[in-house]
$ cat final.pdb   # PDB, C-alpha atoms
ATOM      1  CA  MET Q 145     139.213 209.891-204.243  1.00  0.00           C
ATOM      2  CA  HIS Q 146     135.947 207.951-204.139  1.00  0.00           C
ATOM      3  CA  LYS Q 147     132.450 208.265-202.680  1.00  0.00           C
ATOM      4  CA  SER Q 148     130.212 205.960-200.645  1.00  0.00           C
ATOM      5  CA  ARG Q 149     127.050 205.893-198.521  1.00  0.00           C
ATOM      6  CA  LEU Q 150     124.406 203.563-197.143  1.00  0.00           C
ATOM      7  CA  ALA Q 151     122.442 202.174-200.073  1.00  0.00           C
ATOM      8  CA  ALA Q 152     120.075 199.616-198.620  1.00  0.00           C
ATOM      9  CA  LEU Q 153     118.869 197.549-195.719  1.00  0.00           C
ATOM     10  CA  VAL Q 154     118.661 193.944-196.876  1.00  0.00           C
ATOM     11  CA  ILE Q 155     116.235 191.628-195.111  1.00  0.00           C
ATOM     12  CA  ASP Q 156     117.845 188.191-195.441  1.00  0.00           C
ATOM     13  CA  SER Q 157     115.064 185.650-195.054  1.00  0.00           C
ATOM     14  CA  LYS Q 158     115.550 181.931-194.546  1.00  0.00           C
ATOM     15  CA  VAL Q 159     112.201 180.860-195.971  1.00  0.00           C
ATOM     16  CA  ASP Q 160     110.999 178.205-198.394  1.00  0.00           C
ATOM     17  CA  ASN Q 161     109.071 180.758-200.455  1.00  0.00           C
ATOM     18  CA  ILE Q 162     110.098 184.407-200.702  1.00  0.00           C
ATOM     19  CA  GLU Q 163     106.430 185.367-200.938  1.00  0.00           C
ATOM     20  CA  ASP Q 164     106.094 184.607-197.206  1.00  0.00           C
ATOM     21  CA  ALA Q 165     108.729 187.282-196.492  1.00  0.00           C
ATOM     22  CA  ASN Q 166     107.292 189.676-199.102  1.00  0.00           C
ATOM     23  CA  THR Q 167     103.820 189.545-197.597  1.00  0.00           C
ATOM     24  CA  PHE Q 168     104.981 189.959-193.998  1.00  0.00           C
ATOM     25  CA  TRP Q 169     107.368 192.891-194.582  1.00  0.00           C
ATOM     26  CA  GLU Q 170     104.946 194.621-196.957  1.00  0.00           C
ATOM     27  CA  GLN Q 171     102.259 194.558-194.254  1.00  0.00           C
ATOM     28  CA  ALA Q 172     104.615 195.217-191.333  1.00  0.00           C
ATOM     29  CA  LEU Q 173     106.199 198.325-192.877  1.00  0.00           C
ATOM     30  CA  GLY Q 174     103.193 199.547-194.878  1.00  0.00           C
ATOM     31  CA  LEU Q 175     105.230 199.680-198.095  1.00  0.00           C
ATOM     32  CA  GLU Q 176     104.304 198.088-201.406  1.00  0.00           C
ATOM     33  CA  CYS Q 177     106.429 195.071-202.298  1.00  0.00           C
ATOM     34  CA  VAL Q 178     107.702 195.177-205.874  1.00  0.00           C
ATOM     35  CA  ARG Q 179     107.768 191.691-207.323  1.00  0.00           C
ATOM     36  CA  SER Q 180     109.346 190.798-210.624  1.00  0.00           C
ATOM     37  CA  HIS Q 181     108.587 188.208-213.254  1.00  0.00           C
ATOM     38  CA  GLU Q 182     112.292 187.740-213.943  1.00  0.00           C
ATOM     39  CA  GLU Q 183     114.018 184.417-213.235  1.00  0.00           C
ATOM     40  CA  TRP Q 184     115.574 185.803-210.038  1.00  0.00           C
ATOM     41  CA  SER Q 185     112.192 186.905-208.636  1.00  0.00           C
ATOM     42  CA  SER Q 186     111.982 183.728-206.546  1.00  0.00           C
ATOM     43  CA  LYS Q 187     114.987 185.009-204.590  1.00  0.00           C
ATOM     44  CA  TYR Q 188     114.829 188.846-204.612  1.00  0.00           C
ATOM     45  CA  SER Q 189     112.260 191.623-204.264  1.00  0.00           C
ATOM     46  CA  HIS Q 190     112.143 195.104-202.747  1.00  0.00           C
ATOM     47  CA  LEU Q 191     109.828 197.412-200.859  1.00  0.00           C
ATOM     48  CA  LYS Q 192     108.965 200.715-202.467  1.00  0.00           C
ATOM     49  CA  SER Q 193     110.621 203.189-200.092  1.00  0.00           C
ATOM     50  CA  PRO Q 194     110.688 206.970-200.619  1.00  0.00           C
ATOM     51  CA  ASN Q 195     113.414 208.165-203.004  1.00  0.00           C
ATOM     52  CA  ASP Q 196     115.282 210.050-200.276  1.00  0.00           C
ATOM     53  CA  GLN Q 197     115.614 206.931-198.106  1.00  0.00           C
ATOM     54  CA  PRO Q 198     117.750 203.800-198.467  1.00  0.00           C
ATOM     55  CA  HIS Q 199     116.285 200.910-200.430  1.00  0.00           C
ATOM     56  CA  ILE Q 200     114.763 198.004-198.501  1.00  0.00           C
ATOM     57  CA  LEU Q 201     115.524 194.716-200.219  1.00  0.00           C
ATOM     58  CA  ILE Q 202     114.148 191.264-199.421  1.00  0.00           C
ATOM     59  CA  GLN Q 203     116.418 188.336-200.209  1.00  0.00           C
ATOM     60  CA  LYS Q 204     115.760 184.608-199.826  1.00  0.00           C
ATOM     61  CA  THR Q 205     118.824 183.020-198.211  1.00  0.00           C
ATOM     62  CA  ASP Q 206     120.167 179.665-197.072  1.00  0.00           C
ATOM     63  CA  HIS Q 207     121.756 181.194-193.971  1.00  0.00           C
ATOM     64  CA  GLU Q 208     119.841 182.270-190.880  1.00  0.00           C
ATOM     65  CA  SER Q 209     117.559 185.283-191.184  1.00  0.00           C
ATOM     66  CA  ARG Q 210     119.159 188.653-190.405  1.00  0.00           C
ATOM     67  CA  VAL Q 211     119.370 192.183-191.735  1.00  0.00           C
ATOM     68  CA  HIS Q 212     122.520 193.416-193.462  1.00  0.00           C
ATOM     69  CA  LEU Q 213     123.583 196.746-194.928  1.00  0.00           C
ATOM     70  CA  ASP Q 214     124.670 197.509-198.488  1.00  0.00           C
ATOM     71  CA  ILE Q 215     127.192 200.329-198.867  1.00  0.00           C
ATOM     72  CA  GLU Q 216     127.141 201.824-202.359  1.00  0.00           C
ATOM     73  CA  THR Q 217     130.280 203.275-203.876  1.00  0.00           C
ATOM     74  CA  ASP Q 218     131.686 204.532-207.149  1.00  0.00           C
ATOM     75  CA  ASP Q 219     134.885 202.496-206.543  1.00  0.00           C
ATOM     76  CA  ILE Q 220     134.369 199.081-204.934  1.00  0.00           C
ATOM     77  CA  GLU Q 221     138.085 198.276-204.712  1.00  0.00           C
ATOM     78  CA  ALA Q 222     138.921 201.571-202.972  1.00  0.00           C
ATOM     79  CA  GLU Q 223     135.988 201.275-200.567  1.00  0.00           C
ATOM     80  CA  VAL Q 224     136.889 197.694-199.661  1.00  0.00           C
ATOM     81  CA  GLU Q 225     140.461 198.784-198.934  1.00  0.00           C
ATOM     82  CA  ARG Q 226     139.231 201.733-196.838  1.00  0.00           C
ATOM     83  CA  LEU Q 227     136.994 199.421-194.815  1.00  0.00           C
ATOM     84  CA  ARG Q 228     139.785 196.864-194.393  1.00  0.00           C
ATOM     85  CA  SER Q 229     142.009 199.632-193.032  1.00  0.00           C
ATOM     86  CA  ILE Q 230     139.515 200.245-190.225  1.00  0.00           C
ATOM     87  CA  GLY Q 231     139.133 196.579-189.295  1.00  0.00           C
ATOM     88  CA  ALA Q 232     136.686 194.914-191.695  1.00  0.00           C
ATOM     89  CA  LYS Q 233     137.602 191.694-193.458  1.00  0.00           C
ATOM     90  CA  ILE Q 234     136.621 190.274-196.817  1.00  0.00           C
ATOM     91  CA  VAL Q 235     134.317 187.261-196.609  1.00  0.00           C
ATOM     92  CA  GLU Q 236     133.621 186.643-200.309  1.00  0.00           C
ATOM     93  CA  VAL Q 237     134.199 188.470-203.586  1.00  0.00           C
ATOM     94  CA  PHE Q 238     131.579 188.310-206.327  1.00  0.00           C
ATOM     95  CA  GLU Q 239     131.647 189.785-209.816  1.00  0.00           C
ATOM     96  CA  ARG Q 240     129.507 192.809-208.858  1.00  0.00           C
ATOM     97  CA  TRP Q 241     129.889 193.102-205.057  1.00  0.00           C
ATOM     98  CA  VAL Q 242     132.008 192.148-202.061  1.00  0.00           C
ATOM     99  CA  VAL Q 243     130.719 190.613-198.814  1.00  0.00           C
ATOM    100  CA  MET Q 244     132.599 191.932-195.789  1.00  0.00           C
ATOM    101  CA  GLU Q 245     132.447 191.508-192.039  1.00  0.00           C
ATOM    102  CA  ALA Q 246     132.872 194.288-189.498  1.00  0.00           C
ATOM    103  CA  PRO Q 247     135.036 193.754-186.407  1.00  0.00           C
ATOM    104  CA  THR Q 248     131.716 193.420-184.549  1.00  0.00           C
ATOM    105  CA  GLY Q 249     130.782 190.331-186.598  1.00  0.00           C
ATOM    106  CA  HIS Q 250     128.133 192.080-188.713  1.00  0.00           C
ATOM    107  CA  ARG Q 251     128.117 191.192-192.398  1.00  0.00           C
ATOM    108  CA  PHE Q 252     127.600 193.849-195.059  1.00  0.00           C
ATOM    109  CA  CYS Q 253     128.083 194.228-198.807  1.00  0.00           C
ATOM    110  CA  VAL Q 254     129.966 196.813-200.839  1.00  0.00           C
ATOM    111  CA  VAL Q 255     128.078 197.406-204.091  1.00  0.00           C
ATOM    112  CA  ASN Q 256     128.004 199.709-207.099  1.00  0.00           C
ATOM    113  CA  PRO Q 257     125.701 202.764-206.872  1.00  0.00           C
ATOM    114  CA  GLN Q 258     122.103 201.627-206.334  1.00  0.00           C
ATOM    115  CA  ARG Q 259     120.152 204.812-205.702  1.00  0.00           C
ATOM    116  CA  GLN Q 260     119.467 207.093-208.662  1.00  0.00           C
ATOM    117  CA  ASP Q 261     120.775 210.257-207.004  1.00  0.00           C
ATOM    118  CA  PHE Q 262     124.188 208.842-205.996  1.00  0.00           C
ATOM    119  CA  ASN Q 263     126.242 210.968-208.396  1.00  0.00           C
ATOM    120  CA  ASP Q 264     124.207 214.130-207.868  1.00  0.00           C
ATOM    121  CA  SER Q 265     123.679 213.922-204.121  1.00  0.00           C
ATOM    122  CA  GLU Q 266     125.422 216.018-201.524  1.00  0.00           C
ATOM    123  CA  ASN Q 267     124.594 213.241-199.052  1.00  0.00           C
ATOM    124  CA  VAL Q 268     127.548 210.996-199.870  1.00  0.00           C
ATOM    125  CA  ASN Q 269     130.889 210.661-198.115  1.00  0.00           C
ATOM    126  CA  VAL Q 270     133.933 211.659-200.161  1.00  0.00           C
ATOM    127  CA  TRP Q 271     137.073 209.739-199.198  1.00  0.00           C
ATOM    128  CA  LYS Q 272     140.647 210.605-200.132  1.00  0.00           C
TER     129      LYS Q 272
END
$ encode --input "final.pdb" --output "structure tokens"
Amino acid sequence: MHKSRLAALVIDSKVDNIEDANTFWEQALGLECVRSHEEWSSKYSHLKSPNDQPHILIQKTDHESRVHLDIETDDIEAEVERLRSIGAKIVEVFERWVVMEAPTGHRFCVVNPQRQDFNDSENVNVWK
């Protein structure tokens, strides 16, 4: 048995400077953009969304701009197998997440729990 739910909307942005995406989405959605001083800050940031809503991440990419979903789970292997059984395919496996593609062509990632209330929330799906 494992659990999963929508964790985040990820705004993939094909830009030269992530700050262009940060500024636009911060103003467009009226949410503060949280920037980091870490090495990876030139590639990733997030908007400060309410705790009871999915995260909104901004990611600088080499591929065309799009939005993808992150599904958080307490068992990545089991969730990937569940999603494969309903038609998704694995695109790429990373150390901490798996990129998949739905039968509709939409890409999404299966990730470890991202939101603080994952283990305590009643708003997760429990799969057998």
$ residues_around --input "final.pdb" --residues "range 245-255 of chain Q" --least-positions-apart "6" --cutoff "6 Å" --atoms "only C-alpha atoms" --output "count of residues only"
8
$ resolve_selection --input "final.pdb" --expression "the PyMOL selection byres ((chain Q and resi 268) around 12)" --output "list in words"
His146, Lys147, Ser148, Arg149, Leu150, Ala151, Ile215, Glu216, Thr217, Asp218, Pro257, Arg259, Asp261, Phe262, Asn263, Asp264, Ser265, Glu266, Asn267, Asn269, Val270 and Trp271 of chain Q
$ atom_distance --input "final.pdb" --atom1 "CA of Arg179 in chain Q" --atom2 "CA of Glu208 in chain Q"
22.5 Å
$ resolve_selection --input "final.pdb" --expression "the PyMOL selection byres ((chain Q and resi 175) around 7)" --output "VMD selection string"
chain Q and resid 170 173 to 174 176 to 177 191 to 193
$ atom_distance --input "final.pdb" --atom1 "CA of Arg210 in chain Q" --atom2 "CA of Phe238 in chain Q"
20.2 Å
$ residues_around --input "final.pdb" --residues "Glu239 in chain Q" --least-positions-apart "2" --cutoff "12 Å" --atoms "only C-alpha atoms" --output "MDAnalysis selection string"
chainID Q and resid 220:221 236:237 241:243 254:256
$ resolve_selection --input "final.pdb" --expression "the PyMOL selection byres ((chain Q and resi 153) around 7)" --output "PyMOL selection string"
chain Q and resi 152+154-155+198-201+211-214
$ atom_distance --input "final.pdb" --atom1 "CA of Lys187 in chain Q" --atom2 "CA of Ala172 in chain Q"
19.7 Å
$ closest_residue --input "final.pdb" --among "Q:Gln197, Q:Ile162, Q:Ser229, Q:Val235" --to "Ser180 in chain Q" --atoms "all atoms listed in the file"
Q:Ile162
$ closest_residue --input "final.pdb" --among "Q:Gln260, Q:Ser157, Q:Thr167, Q:Ser185" --to "Ile202 in chain Q" --atoms "only C-alpha atoms"
Q:Ser157
$ closest_residue --input "final.pdb" --among "Q:Leu227, Q:Ile234, Q:Met145, Q:Val159" --to "Asp206 in chain Q" --atoms "all atoms listed in the file"
Q:Val159
$ closest_residue --input "final.pdb" --among "Q:His190, Q:Arg226, Q:Lys158, Q:Arg240" --to "Ser209 in chain Q" --atoms "only C-alpha atoms"
Q:Lys158
$ build_atoms --input "final.pdb" --residues "range 215-248 of chain Q" --atoms "N, CA and C atoms" --output "compact mmCIF listing (two decimals), keeping the file's coordinate frame"
# COMPACT_ATOMS: atom_id res chain seq x y z
N ILE Q 215 126.54 199.03 -198.72
CA ILE Q 215 127.19 200.33 -198.87
C ILE Q 215 127.47 200.51 -200.35
N GLU Q 216 126.92 201.58 -200.93
CA GLU Q 216 127.14 201.82 -202.36
C GLU Q 216 128.34 202.74 -202.54
N THR Q 217 129.07 202.50 -203.62
CA THR Q 217 130.28 203.28 -203.88
C THR Q 217 130.55 203.38 -205.37
N ASP Q 218 131.28 204.40 -205.75
CA ASP Q 218 131.69 204.53 -207.15
C ASP Q 218 133.02 203.84 -207.41
N ASP Q 219 133.62 203.21 -206.38
CA ASP Q 219 134.88 202.50 -206.54
C ASP Q 219 134.94 201.37 -205.50
N ILE Q 220 134.46 200.20 -205.88
CA ILE Q 220 134.37 199.08 -204.93
C ILE Q 220 135.74 198.74 -204.36
N GLU Q 221 136.75 198.65 -205.19
CA GLU Q 221 138.08 198.28 -204.71
C GLU Q 221 138.60 199.26 -203.67
N ALA Q 222 138.45 200.56 -203.92
CA ALA Q 222 138.92 201.57 -202.97
C ALA Q 222 138.12 201.53 -201.67
N GLU Q 223 136.82 201.32 -201.78
CA GLU Q 223 135.99 201.28 -200.57
C GLU Q 223 136.31 200.04 -199.74
N VAL Q 224 136.51 198.91 -200.38
CA VAL Q 224 136.89 197.69 -199.66
C VAL Q 224 138.21 197.91 -198.93
N GLU Q 225 139.17 198.52 -199.58
CA GLU Q 225 140.46 198.78 -198.93
C GLU Q 225 140.31 199.76 -197.77
N ARG Q 226 139.47 200.78 -197.93
CA ARG Q 226 139.23 201.73 -196.84
C ARG Q 226 138.64 201.00 -195.64
N LEU Q 227 137.65 200.15 -195.89
CA LEU Q 227 136.99 199.42 -194.82
C LEU Q 227 137.92 198.39 -194.17
N ARG Q 228 138.78 197.79 -194.96
CA ARG Q 228 139.78 196.86 -194.39
C ARG Q 228 140.73 197.62 -193.47
N SER Q 229 141.06 198.85 -193.84
CA SER Q 229 142.01 199.63 -193.03
C SER Q 229 141.44 200.00 -191.67
N ILE Q 230 140.12 199.93 -191.52
CA ILE Q 230 139.51 200.24 -190.22
C ILE Q 230 139.01 198.99 -189.52
N GLY Q 231 139.40 197.81 -190.04
CA GLY Q 231 139.13 196.58 -189.30
C GLY Q 231 138.21 195.56 -189.92
N ALA Q 232 137.57 195.89 -191.05
CA ALA Q 232 136.69 194.91 -191.70
C ALA Q 232 137.52 193.88 -192.44
N LYS Q 233 136.91 192.71 -192.67
CA LYS Q 233 137.60 191.69 -193.46
C LYS Q 233 136.71 191.24 -194.60
N ILE Q 234 137.34 190.78 -195.66
CA ILE Q 234 136.62 190.27 -196.82
C ILE Q 234 136.16 188.85 -196.52
N VAL Q 235 134.88 188.59 -196.78
CA VAL Q 235 134.32 187.26 -196.61
C VAL Q 235 134.26 186.54 -197.95
N GLU Q 236 133.75 187.24 -198.98
CA GLU Q 236 133.62 186.64 -200.31
C GLU Q 236 133.54 187.74 -201.36
N VAL Q 237 134.20 187.51 -202.48
CA VAL Q 237 134.20 188.47 -203.59
C VAL Q 237 133.37 187.90 -204.72
N PHE Q 238 132.41 188.67 -205.18
CA PHE Q 238 131.58 188.31 -206.33
C PHE Q 238 131.91 189.25 -207.48
N GLU Q 239 131.36 188.96 -208.64
CA GLU Q 239 131.65 189.78 -209.82
C GLU Q 239 131.20 191.24 -209.63
N ARG Q 240 130.06 191.46 -208.95
CA ARG Q 240 129.51 192.81 -208.86
C ARG Q 240 129.44 193.36 -207.44
N TRP Q 241 129.90 192.61 -206.42
CA TRP Q 241 129.89 193.10 -205.06
C TRP Q 241 130.86 192.30 -204.21
N VAL Q 242 131.12 192.82 -203.00
CA VAL Q 242 132.01 192.15 -202.06
C VAL Q 242 131.28 192.03 -200.72
N VAL Q 243 131.28 190.83 -200.14
CA VAL Q 243 130.72 190.61 -198.81
C VAL Q 243 131.86 190.82 -197.81
N MET Q 244 131.59 191.64 -196.80
CA MET Q 244 132.60 191.93 -195.79
C MET Q 244 132.01 191.68 -194.41
N GLU Q 245 132.89 191.66 -193.42
CA GLU Q 245 132.45 191.51 -192.04
C GLU Q 245 133.14 192.56 -191.18
N ALA Q 246 132.35 193.27 -190.41
CA ALA Q 246 132.87 194.29 -189.50
C ALA Q 246 133.55 193.61 -188.32
N PRO Q 247 134.42 194.33 -187.60
CA PRO Q 247 135.04 193.75 -186.41
C PRO Q 247 134.01 193.29 -185.37
N THR Q 248 132.79 193.79 -185.47
CA THR Q 248 131.72 193.42 -184.55
C THR Q 248 131.02 192.13 -184.95
